[in-house]
>>> print(open('work_7.txt').read())   # compact mmCIF, C-alpha atoms (C1' of nucleotides)
# COMPACT_ATOMS: atom_id res chain seq x y z
CA MET A 776 91.66 99.27 93.78
CA PRO A 777 93.55 98.23 90.75
CA GLU A 778 93.40 94.95 88.96
CA LEU A 779 95.31 94.22 85.79
CA PRO A 780 93.15 96.36 83.47
CA GLU A 781 93.60 99.35 85.78
CA VAL A 782 97.36 98.85 85.84
CA GLU A 783 97.50 98.44 82.08
CA THR A 784 95.35 101.55 81.65
CA THR A 785 97.71 103.47 83.90
CA CYS A 786 100.77 102.31 81.94
CA ARG A 787 99.22 103.37 78.66
CA GLY A 788 98.09 106.66 80.15
CA ILE A 789 101.44 107.74 81.53
CA GLU A 790 103.91 106.43 78.95
CA PRO A 791 103.33 109.04 76.24
CA HIS A 792 104.02 111.81 78.75
CA ILE A 793 107.20 110.49 80.31
CA LYS A 794 108.92 108.15 77.85
CA GLY A 795 112.20 109.65 76.70
CA GLU A 796 112.20 112.19 79.52
CA THR A 797 115.04 112.52 82.00
CA VAL A 798 114.56 112.31 85.75
CA LYS A 799 115.46 115.53 87.50
CA ARG A 800 114.46 114.74 91.05
CA VAL A 801 112.96 111.95 93.18
CA ILE A 802 110.72 112.88 96.09
CA ILE A 803 109.92 110.39 98.84
CA ARG A 804 107.38 111.92 101.19
CA HIS A 805 106.38 108.77 103.04
CA PRO A 806 108.77 105.86 102.55
CA LYS A 807 106.66 103.34 104.47
CA LEU A 808 104.67 101.52 101.85
CA ARG A 809 104.37 97.75 101.96
CA TRP A 810 108.15 97.80 101.94
CA ASP A 811 110.29 100.86 102.45
CA ILE A 812 110.95 102.87 99.33
CA PRO A 813 114.73 102.60 98.75
CA GLN A 814 116.35 105.89 99.70
CA GLN A 815 119.09 105.52 97.12
CA LEU A 816 116.57 106.26 94.38
CA ILE A 817 116.99 109.91 95.38
CA THR A 818 120.62 109.88 94.35
CA ASP A 819 120.59 107.16 91.69
CA LEU A 820 117.69 108.14 89.41
CA PRO A 821 118.36 111.79 88.57
CA GLY A 822 120.02 112.12 85.20
CA LEU A 823 118.60 108.86 83.87
CA GLU A 824 116.34 108.71 80.83
CA LEU A 825 113.11 106.76 81.09
CA LEU A 826 113.23 104.27 78.24
CA ALA A 827 109.84 102.56 78.50
CA VAL A 828 106.88 101.81 80.70
CA GLN A 829 106.22 98.08 80.93
CA ARG A 830 103.98 95.83 82.96
CA ARG A 831 104.37 92.39 84.51
CA SER A 832 101.34 91.15 86.41
CA LYS A 833 100.18 94.17 88.38
CA TYR A 834 103.66 95.62 88.62
CA MET A 835 104.46 98.64 86.52
CA LEU A 836 108.06 98.64 85.36
CA LEU A 837 109.71 101.94 84.52
CA LYS A 838 112.73 101.03 82.50
CA PHE A 839 116.05 102.85 82.73
CA THR A 840 119.48 101.79 81.45
CA SER A 841 120.64 100.66 84.89
CA GLY A 842 117.47 98.83 85.89
CA LYS A 843 113.74 99.08 86.43
CA LEU A 844 111.64 100.93 88.94
CA LEU A 845 108.87 98.59 90.12
CA ILE A 846 105.63 100.24 91.15
CA HIS A 847 102.69 98.31 92.59
CA LEU A 848 99.44 100.08 93.36
CA GLY A 849 98.26 97.70 96.08
CA MET A 850 94.59 98.10 96.96
CA SER A 851 94.26 101.85 96.84
CA GLY A 852 97.09 103.27 94.79
CA SER A 853 96.99 105.41 91.70
CA LEU A 854 99.69 106.95 89.60
CA ARG A 855 99.15 110.16 87.72
CA VAL A 856 101.02 112.39 85.37
CA LEU A 857 100.83 116.07 86.22
CA LEU A 858 101.84 118.46 83.48
CA GLN A 859 102.04 121.23 86.05
CA PRO A 860 102.36 121.10 89.83
CA GLU A 861 99.24 120.53 91.91
CA PRO A 862 98.95 120.83 95.69
CA VAL A 863 100.41 117.85 97.53
CA LEU A 864 97.75 115.92 99.37
CA LYS A 865 97.94 113.70 102.42
CA HIS A 866 98.50 110.41 100.61
CA ASP A 867 100.90 111.56 97.91
CA HIS A 868 103.90 109.49 98.91
CA PHE A 869 106.26 109.34 95.98
CA GLU A 870 107.09 111.44 92.97
CA LEU A 871 109.36 111.57 89.97
CA VAL A 872 110.10 115.03 88.60
CA PHE A 873 111.30 115.16 85.00
CA THR A 874 113.47 117.84 83.47
CA ASN A 875 110.62 119.06 81.27
CA GLY A 876 108.55 119.82 84.38
CA THR A 877 106.28 116.79 84.14
CA LEU A 878 105.52 115.03 87.44
CA LEU A 879 104.67 111.40 88.06
CA ARG A 880 102.88 111.21 91.40
CA LEU A 881 101.97 108.12 93.41
CA THR A 882 98.98 108.39 95.72
CA ASP A 883 98.15 105.48 98.01
CA PRO A 884 95.94 105.96 101.09
CA ARG A 885 96.28 102.45 102.45
CA ARG A 886 99.96 102.12 101.60
CA PHE A 887 99.71 98.51 100.45
CA GLY A 888 101.52 99.53 97.30
CA ALA A 889 105.24 99.36 96.66
CA VAL A 890 108.08 101.21 94.97
CA LEU A 891 111.14 99.02 94.50
CA TRP A 892 114.25 98.78 92.37
CA GLN A 893 115.48 95.97 90.15
CA ASP A 894 118.99 96.14 88.76
CA ALA A 895 119.45 95.57 85.03
CA GLY A 896 119.89 91.88 84.24
CA GLN A 897 118.39 90.82 87.56
CA GLN A 898 114.99 89.46 88.39
CA HIS A 899 113.35 90.89 91.48
CA PRO A 900 112.27 88.08 93.86
CA LEU A 901 108.69 89.34 93.76
CA LEU A 902 108.54 88.68 90.02
CA GLU A 903 110.22 85.30 90.12
CA LYS A 904 107.33 82.99 90.85
CA LEU A 905 104.65 84.70 88.82
CA GLY A 906 102.50 82.64 86.48
CA PRO A 907 101.67 83.45 82.85
CA GLU A 908 100.17 86.71 81.66
CA PRO A 909 96.47 86.11 80.99
CA LEU A 910 96.42 87.90 77.64
CA THR A 911 99.25 85.90 76.12
CA ASP A 912 99.25 82.44 74.57
CA ASP A 913 101.27 81.19 77.56
CA PHE A 914 97.98 81.18 79.40
CA ASN A 915 95.80 78.49 77.87
CA VAL A 916 93.67 75.53 78.83
CA ASP A 917 96.64 73.16 79.00
CA THR A 918 98.70 75.23 81.42
CA PHE A 919 95.54 75.83 83.40
CA ILE A 920 94.75 72.14 83.74
CA ARG A 921 98.32 71.29 84.59
CA ALA A 922 98.23 73.83 87.42
CA ALA A 923 94.95 72.38 88.67
CA SER A 924 96.12 68.80 89.04
CA HIS A 925 96.56 67.68 92.66
CA ARG A 926 94.56 70.62 93.85
CA LYS A 927 91.03 70.86 95.13
CA ILE A 928 90.60 74.46 96.13
CA ALA A 929 87.63 76.49 95.01
CA VAL A 930 88.02 77.63 91.43
CA LYS A 931 87.68 81.29 92.37
CA GLN A 932 90.70 81.13 94.67
CA PHE A 933 92.51 79.13 92.02
CA VAL A 934 92.15 81.77 89.32
CA MET A 935 93.22 84.43 91.81
CA ASP A 936 96.45 82.53 92.54
CA ASN A 937 99.38 84.42 90.98
CA LYS A 938 101.26 81.21 90.29
CA VAL A 939 98.38 79.96 88.13
CA VAL A 940 97.76 83.14 86.18
CA VAL A 941 98.56 86.71 87.11
CA GLY A 942 96.33 89.72 87.16
CA VAL A 943 92.96 88.18 87.99
CA GLY A 944 91.71 89.84 91.15
CA ASN A 945 88.46 89.73 93.04
CA ILE A 946 86.36 91.64 90.53
CA TYR A 947 87.40 89.88 87.37
CA ALA A 948 87.51 86.44 88.99
CA ALA A 949 83.84 86.81 89.87
CA GLU A 950 82.99 88.17 86.44
CA ALA A 951 84.88 85.48 84.55
CA LEU A 952 83.21 82.70 86.53
CA PHE A 953 79.83 84.16 85.77
CA ALA A 954 80.68 84.40 82.08
CA ALA A 955 81.83 80.78 82.08
CA ALA A 956 78.79 79.67 84.13
CA ILE A 957 80.93 78.08 86.84
CA HIS A 958 80.05 78.16 90.53
CA PRO A 959 82.88 79.89 92.42
CA GLU A 960 83.15 77.11 95.00
CA THR A 961 83.65 74.34 92.45
CA PRO A 962 86.78 72.35 93.35
CA VAL A 963 89.24 72.71 90.47
CA ASN A 964 89.83 68.99 90.22
CA THR A 965 86.18 68.44 89.25
CA ILE A 966 86.12 70.85 86.33
CA SER A 967 85.99 69.45 82.80
CA LYS A 968 88.35 70.49 80.05
CA GLN A 969 85.46 72.11 78.20
CA LYS A 970 84.60 74.22 81.24
CA PHE A 971 88.22 75.17 81.72
CA GLN A 972 88.36 76.22 78.10
CA LYS A 973 85.35 78.47 78.66
CA LEU A 974 86.94 79.93 81.74
CA VAL A 975 90.21 80.69 79.95
CA GLU A 976 88.28 82.41 77.18
CA ALA A 977 86.18 84.33 79.70
CA ILE A 978 89.24 85.61 81.56
CA LYS A 979 90.88 86.74 78.34
CA TYR A 980 87.73 88.33 77.02
CA ILE A 981 86.79 90.16 80.22
CA LEU A 982 90.25 91.51 80.94
CA GLY A 983 90.55 92.66 77.34
CA ALA A 984 87.16 94.33 77.42
CA ALA A 985 87.96 96.04 80.70
CA ILE A 986 91.21 97.41 79.29
CA GLU A 987 89.33 98.75 76.28
CA ARG A 988 86.95 100.60 78.60
CA GLY A 989 89.81 102.04 80.63
CA GLY A 990 89.42 99.75 83.63
CA THR A 991 86.78 99.57 86.30
CA THR A 992 86.17 102.63 88.38
CA LEU A 993 85.03 101.87 91.89
CA LYS A 994 85.26 104.78 94.26
CA ASP A 995 88.12 106.84 92.90
CA PHE A 996 90.23 105.00 90.38
CA VAL A 997 91.59 107.18 87.63
CA GLY A 998 94.00 106.21 84.91
CA GLY A 999 97.32 107.92 84.36
CA ASP A 1000 95.54 110.70 82.52
CA GLY A 1001 93.13 111.32 85.38
CA LYS A 1002 90.14 109.90 83.51
CA PRO A 1003 87.89 107.29 85.12
CA GLY A 1004 87.30 103.82 83.69
CA TYR A 1005 83.94 102.70 82.46
CA PHE A 1006 83.90 98.96 82.94
CA ALA A 1007 81.97 99.19 86.22
CA GLN A 1008 78.82 99.76 84.19
CA GLU A 1009 79.26 96.32 82.68
CA LEU A 1010 79.82 94.29 85.81
CA GLN A 1011 77.40 91.37 85.95
CA VAL A 1012 77.93 90.10 89.49
CA TYR A 1013 80.65 91.96 91.40
CA GLY A 1014 79.08 94.32 93.91
CA ARG A 1015 75.56 93.27 92.89
CA LYS A 1016 74.57 91.07 95.84
CA GLY A 1017 70.80 90.77 96.10
CA GLN A 1018 70.20 92.37 92.71
CA THR A 1019 68.79 90.35 89.85
CA CYS A 1020 70.88 88.37 87.42
CA ASN A 1021 70.93 90.01 84.01
CA LEU A 1022 70.44 86.63 82.35
CA CYS A 1023 67.81 84.82 84.46
CA GLN A 1024 66.49 87.43 86.92
CA SER A 1025 67.37 85.31 89.97
CA ALA A 1026 68.66 87.16 93.02
CA LEU A 1027 72.46 87.10 93.13
CA HIS A 1028 74.03 85.41 96.16
CA GLU A 1029 77.06 86.43 98.17
CA ILE A 1030 79.44 84.06 99.94
CA ARG A 1031 82.94 84.45 101.34
CA LEU A 1032 85.83 82.57 99.83
CA GLY A 1033 89.31 83.07 101.18
CA GLN A 1034 88.05 86.04 103.18
CA ARG A 1035 86.86 87.75 100.01
CA SER A 1036 83.30 88.54 99.13
CA THR A 1037 82.11 86.54 96.18
CA VAL A 1038 78.90 87.21 94.29
CA TYR A 1039 77.40 84.75 91.84
CA CYS A 1040 74.12 83.68 90.28
CA PRO A 1041 72.81 80.52 91.97
CA LYS A 1042 70.92 79.52 88.84
CA CYS A 1043 73.38 80.35 86.05
CA GLN A 1044 76.37 79.08 88.06
CA ARG A 1045 75.09 75.77 89.41
CA LEU A 1046 77.19 73.26 91.26
CA ALA A 1047 76.82 69.64 90.23
CA LYS A 1048 74.67 67.95 92.89
CA SER A 1049 77.34 65.45 93.83
CA VAL A 1050 79.85 68.24 94.28
CA ALA A 1051 77.41 70.37 96.25
CA LYS A 1052 76.89 67.51 98.72
CA LYS A 1053 80.60 67.13 99.29
CA ILE A 1054 81.08 70.83 99.95
CA THR A 1055 78.22 71.16 102.43
CA LYS A 1056 79.42 68.06 104.28
CA ASN A 1057 82.76 69.72 105.12
C1' DA B 1305 102.83 70.50 98.85
C1' DA B 1306 98.55 72.72 99.54
C1' DA B 1307 95.25 75.40 102.04
C1' DG B 1308 93.94 78.69 105.38
C1' DA B 1309 94.65 82.57 108.43
C1' DC B 1310 96.79 86.73 109.18
C1' DA B 1311 99.26 90.75 108.35
C1' DC B 1312 100.00 95.43 106.50
C1' DC B 1313 96.85 100.53 106.50
C1' DT B 1314 93.29 104.19 105.90
C1' DG B 1315 88.70 105.73 104.84
C1' DG B 1316 83.87 105.25 104.03
C1' DG B 1317 79.44 103.60 105.09
C1' DA B 1318 76.05 101.21 108.06
C1' DG B 1319 73.93 100.90 112.32
C1' DC B 1320 73.07 102.39 116.86
C1' DT C 1051 76.19 114.27 115.46
C1' DG C 1052 79.24 110.93 116.84
C1' DC C 1053 80.79 106.53 118.06
C1' DT C 1054 81.88 101.59 116.82
C1' DC C 1055 82.19 98.02 113.69
C1' DC C 1056 82.82 96.09 109.31
C1' DC C 1057 84.28 96.21 104.74
C1' DA C 1058 87.25 97.37 100.63
C1' DG C 1059 90.10 96.49 94.14
C1' DG C 1060 96.32 92.87 96.85
C1' DT C 1061 99.48 89.61 98.16
C1' DG C 1062 103.57 87.96 100.97
C1' DT C 1063 104.33 85.15 104.98
C1' DC C 1064 103.40 82.20 108.63
C1' DT C 1065 100.81 78.13 110.50
C1' DT C 1066 98.42 73.93 110.02
>>> encode(input="work_7.txt", output="structure tokens")
Amino acid sequence: MPELPEVETTCRGIEPHIKGETVKRVIIRHPKLRWDIPQQLITDLPGLELLAVQRRSKYMLLKFTSGKLLIHLGMSGSLRVLLQPEPVLKHDHFELVFTNGTLLRLTDPRRFGAVLWQDAGQQHPLLEKLGPEPLTDDFNVDTFIRAASHRKIAVKQFVMDNKVVVGVGNIYAAEALFAAAIHPETPVNTISKQKFQKLVEAIKYILGAAIERGGTTLKDFVGGDGKPGYFAQELQVYGRKGQTCNLCQSALHEIRLGQRSTVYCPKCQRLAKSVAKKITKN
DNA sequence: AAAGACACCTGGGAGC
DNA sequence: TGCTCCCAGGTGTCTT
């Protein structure tokens, strides 16, 4: 479900309601997420004040004096603030109860998400090898090109690699490549600096625009305030297989790259002929 | 070192 | 209506 804009939207949605509040109780209803939710949270968190809600990649970091609670939404997770109790549903697995009665509830049907703990002053192993944040200056054409040297994977898989840049998932990878007019199968070592520059700008622009619209709602995503996102209305290629390109009216194609569906416009996102030959040969 | 396959899990939709 | 199959927004880990 959530890519970076959805996670950022969630952070912004929940922080005003819970920042400065003190944890009263931790409820673990189903500890089996991608990793087990640490049981000691039940005894360790109560009494602590939530200092801030931060984000690194698609991890939400709830900051306390003694460390940070890491929350990842996986494919199907959502995190909501409840100002008053609501009935507990089947996939409500984890909950923070604050002394003012506010609840922070994690729902995750597929349970690919995670709730983990990172002690103050320590770096959780999952955060160690992450690449730059796409919306900062650390992510730019130079770092991008450096990461691409000695590699020949398809550019779509490249931009979805967390070591290259974090937070670009299947939706926004497809959208950014369309915006930059790059065919998703293009080997990264054949892309010019100018094209890379366009791609960097496209990633920054699209993620920023999606955050402004509150994320992309597919199926049932809601931000921390329970409101849907509106970026889905602006998707140019993702989920539009067979429909016409908004720029040239060609029918959009779908291929699979790294076991992920990939939609693109065969006319706006052309492969160089020499490159196309190489790819079809293999 | 890089690339590819697979794993985790549930629910929804398509097709029969 | 009901069954089976395939697909889905992520990403760590294992195998080539």
>>> interface_residues(input="work_7.txt", of="chain B", to="chain A", cutoff="10 Å", atoms="all atoms listed in the file", output="MDAnalysis selection string")
chainID B and resid 1305:1309 1312:1316
>>> interface_residues(input="work_7.txt", of="chain C", to="chain A", cutoff="9 Å", atoms="all atoms listed in the file", output="ChimeraX atom specification")
/C:1058-1062
>>> atom_distance(input="work_7.txt", atom1="atom CA of A:Glu960", atom2="atom CA of A:Ser1025")
18.5 Å
>>> residues_around(input="work_7.txt", residues="B:DC1310", least_positions_apart="3", cutoff="10 Å", atoms="all atoms listed in the file", output="MDAnalysis selection string")
chainID C and resid 1063:1065
>>> atom_distance(input="work_7.txt", atom1="atom CA of A:Asp912", atom2="atom CA of A:Asp894")
27.9 Å
>>> atom_distance(input="work_7.txt", atom1="atom CA of A:Thr1019", atom2="atom CA of A:Lys1042")
11.1 Å
>>> axis_aligned_box(input="work_7.txt", around="stretch 1306-1319 of chain B", padding_each_side="3 Å", output="lines of an AutoDock Vina configuration file")
center_x = 87.0
center_y = 89.2
center_z = 105.9
size_x = 32.1
size_y = 39.0
size_z = 18.8
>>> residues_around(input="work_7.txt", residues="B:DC1320", least_positions_apart="3", cutoff="12 Å", atoms="only C-alpha atoms (C1' of nucleotides)", output="ChimeraX atom specification")
/C:1052-1055
>>> closest_residue(input="work_7.txt", among="A:Leu881, A:Ala954, A:Ile1030, A:Ile966", to="A:Met835", atoms="only C-alpha atoms")
A:Leu881
>>> residues_around(input="work_7.txt", residues="A:Val940", least_positions_apart="3", cutoff="8 Å", atoms="only C-alpha atoms (C1' of nucleotides)", output="PDB file with C-alpha atoms, in the coordinates of the input")
ATOM      1  CA  LEU A 905     104.650  84.700  88.820  1.00  0.00           C
ATOM      2  CA  GLY A 906     102.500  82.640  86.480  1.00  0.00           C
ATOM      3  CA  PRO A 907     101.670  83.450  82.850  1.00  0.00           C
ATOM      4  CA  GLU A 908     100.170  86.710  81.660  1.00  0.00           C
ATOM      5  CA  PRO A 909      96.470  86.110  80.990  1.00  0.00           C
ATOM      6  CA  PHE A 914      97.980  81.180  79.400  1.00  0.00           C
ATOM      7  CA  VAL A 934      92.150  81.770  89.320  1.00  0.00           C
ATOM      8  CA  MET A 935      93.220  84.430  91.810  1.00  0.00           C
ATOM      9  CA  ASP A 936      96.450  82.530  92.540  1.00  0.00           C
ATOM     10  CA  ASN A 937      99.380  84.420  90.980  1.00  0.00           C
ATOM     11  CA  VAL A 943      92.960  88.180  87.990  1.00  0.00           C
TER      12      VAL A 943
END
>>> residues_around(input="work_7.txt", residues="A:Pro860", least_positions_apart="5", cutoff="9 Å", atoms="all atoms listed in the file", output="list in words")
Gly876, Thr877 and Leu878 of chain A
>>> residues_around(input="work_7.txt", residues="A:Asp819", least_positions_apart="2", cutoff="12 Å", atoms="all atoms listed in the file", output="list in words")
Val798, Lys799, Arg800, Val801, Pro813, Gln814, Gln815, Leu816, Ile817, Pro821, Gly822, Leu823, Glu824, Phe839, Thr840, Ser841, Gly842, Lys843, Leu844, Trp892 and Asp894 of chain A
>>> write_last_selection(input="work_7.txt", atoms="C-alpha atoms", output="PDB file, keeping the file's coordinate frame")
ATOM      1  CA  VAL A 798     114.560 112.310  85.750  1.00  0.00           C
ATOM      2  CA  LYS A 799     115.460 115.530  87.500  1.00  0.00           C
ATOM      3  CA  ARG A 800     114.460 114.740  91.050  1.00  0.00           C
ATOM      4  CA  VAL A 801     112.960 111.950  93.180  1.00  0.00           C
ATOM      5  CA  PRO A 813     114.730 102.600  98.750  1.00  0.00           C
ATOM      6  CA  GLN A 814     116.350 105.890  99.700  1.00  0.00           C
ATOM      7  CA  GLN A 815     119.090 105.520  97.120  1.00  0.00           C
ATOM      8  CA  LEU A 816     116.570 106.260  94.380  1.00  0.00           C
ATOM      9  CA  ILE A 817     116.990 109.910  95.380  1.00  0.00           C
ATOM     10  CA  PRO A 821     118.360 111.790  88.570  1.00  0.00           C
ATOM     11  CA  GLY A 822     120.020 112.120  85.200  1.00  0.00           C
ATOM     12  CA  LEU A 823     118.600 108.860  83.870  1.00  0.00           C
ATOM     13  CA  GLU A 824     116.340 108.710  80.830  1.00  0.00           C
ATOM     14  CA  PHE A 839     116.050 102.850  82.730  1.00  0.00           C
ATOM     15  CA  THR A 840     119.480 101.790  81.450  1.00  0.00           C
ATOM     16  CA  SER A 841     120.640 100.660  84.890  1.00  0.00           C
ATOM     17  CA  GLY A 842     117.470  98.830  85.890  1.00  0.00           C
ATOM     18  CA  LYS A 843     113.740  99.080  86.430  1.00  0.00           C
ATOM     19  CA  LEU A 844     111.640 100.930  88.940  1.00  0.00           C
ATOM     20  CA  TRP A 892     114.250  98.780  92.370  1.00  0.00           C
ATOM     21  CA  ASP A 894     118.990  96.140  88.760  1.00  0.00           C
TER      22      ASP A 894
END
>>> decode(input="work_7.txt", residues="stretch 963-978 of chain A", atoms="N, CA and C atoms", output="short mmCIF file (atom, residue, chain, number, x, y, z; two decimals), in the first residue's frame")
data_model
loop_
_atom_site.label_atom_id
_atom_site.label_comp_id
_atom_site.auth_asym_id
_atom_site.auth_seq_id
_atom_site.Cartn_x
_atom_site.Cartn_y
_atom_site.Cartn_z
N VAL A 963 20.89 0.76 -16.79
CA VAL A 963 21.33 2.04 -16.21
C VAL A 963 22.66 2.52 -16.77
N ASN A 964 23.50 1.59 -17.21
CA ASN A 964 24.80 2.02 -17.71
C ASN A 964 24.74 2.61 -19.12
N THR A 965 23.54 2.69 -19.69
CA THR A 965 23.41 3.31 -21.02
C THR A 965 22.70 4.66 -20.96
N ILE A 966 22.42 5.13 -19.76
CA ILE A 966 21.65 6.36 -19.61
C ILE A 966 22.57 7.57 -19.51
N SER A 967 22.26 8.60 -20.28
CA SER A 967 23.11 9.80 -20.29
C SER A 967 22.90 10.62 -19.03
N LYS A 968 23.88 11.50 -18.79
CA LYS A 968 23.77 12.36 -17.60
C LYS A 968 22.52 13.25 -17.68
N GLN A 969 22.24 13.72 -18.90
CA GLN A 969 21.05 14.57 -19.06
C GLN A 969 19.78 13.83 -18.68
N LYS A 970 19.71 12.56 -19.13
CA LYS A 970 18.52 11.76 -18.80
C LYS A 970 18.44 11.48 -17.31
N PHE A 971 19.59 11.20 -16.72
CA PHE A 971 19.61 10.97 -15.27
C PHE A 971 19.13 12.21 -14.53
N GLN A 972 19.58 13.35 -15.02
CA GLN A 972 19.16 14.61 -14.40
C GLN A 972 17.65 14.75 -14.44
N LYS A 973 17.07 14.42 -15.60
CA LYS A 973 15.61 14.48 -15.74
C LYS A 973 14.93 13.53 -14.78
N LEU A 974 15.53 12.36 -14.65
CA LEU A 974 14.93 11.35 -13.78
C LEU A 974 14.97 11.78 -12.31
N VAL A 975 16.09 12.34 -11.90
CA VAL A 975 16.21 12.84 -10.53
C VAL A 975 15.15 13.91 -10.28
N GLU A 976 15.02 14.82 -11.23
CA GLU A 976 14.02 15.88 -11.07
C GLU A 976 12.61 15.31 -11.03
N ALA A 977 12.37 14.29 -11.88
CA ALA A 977 11.03 13.69 -11.93
C ALA A 977 10.68 13.02 -10.61
N ILE A 978 11.65 12.30 -10.05
CA ILE A 978 11.41 11.62 -8.77
C ILE A 978 11.08 12.63 -7.69
#
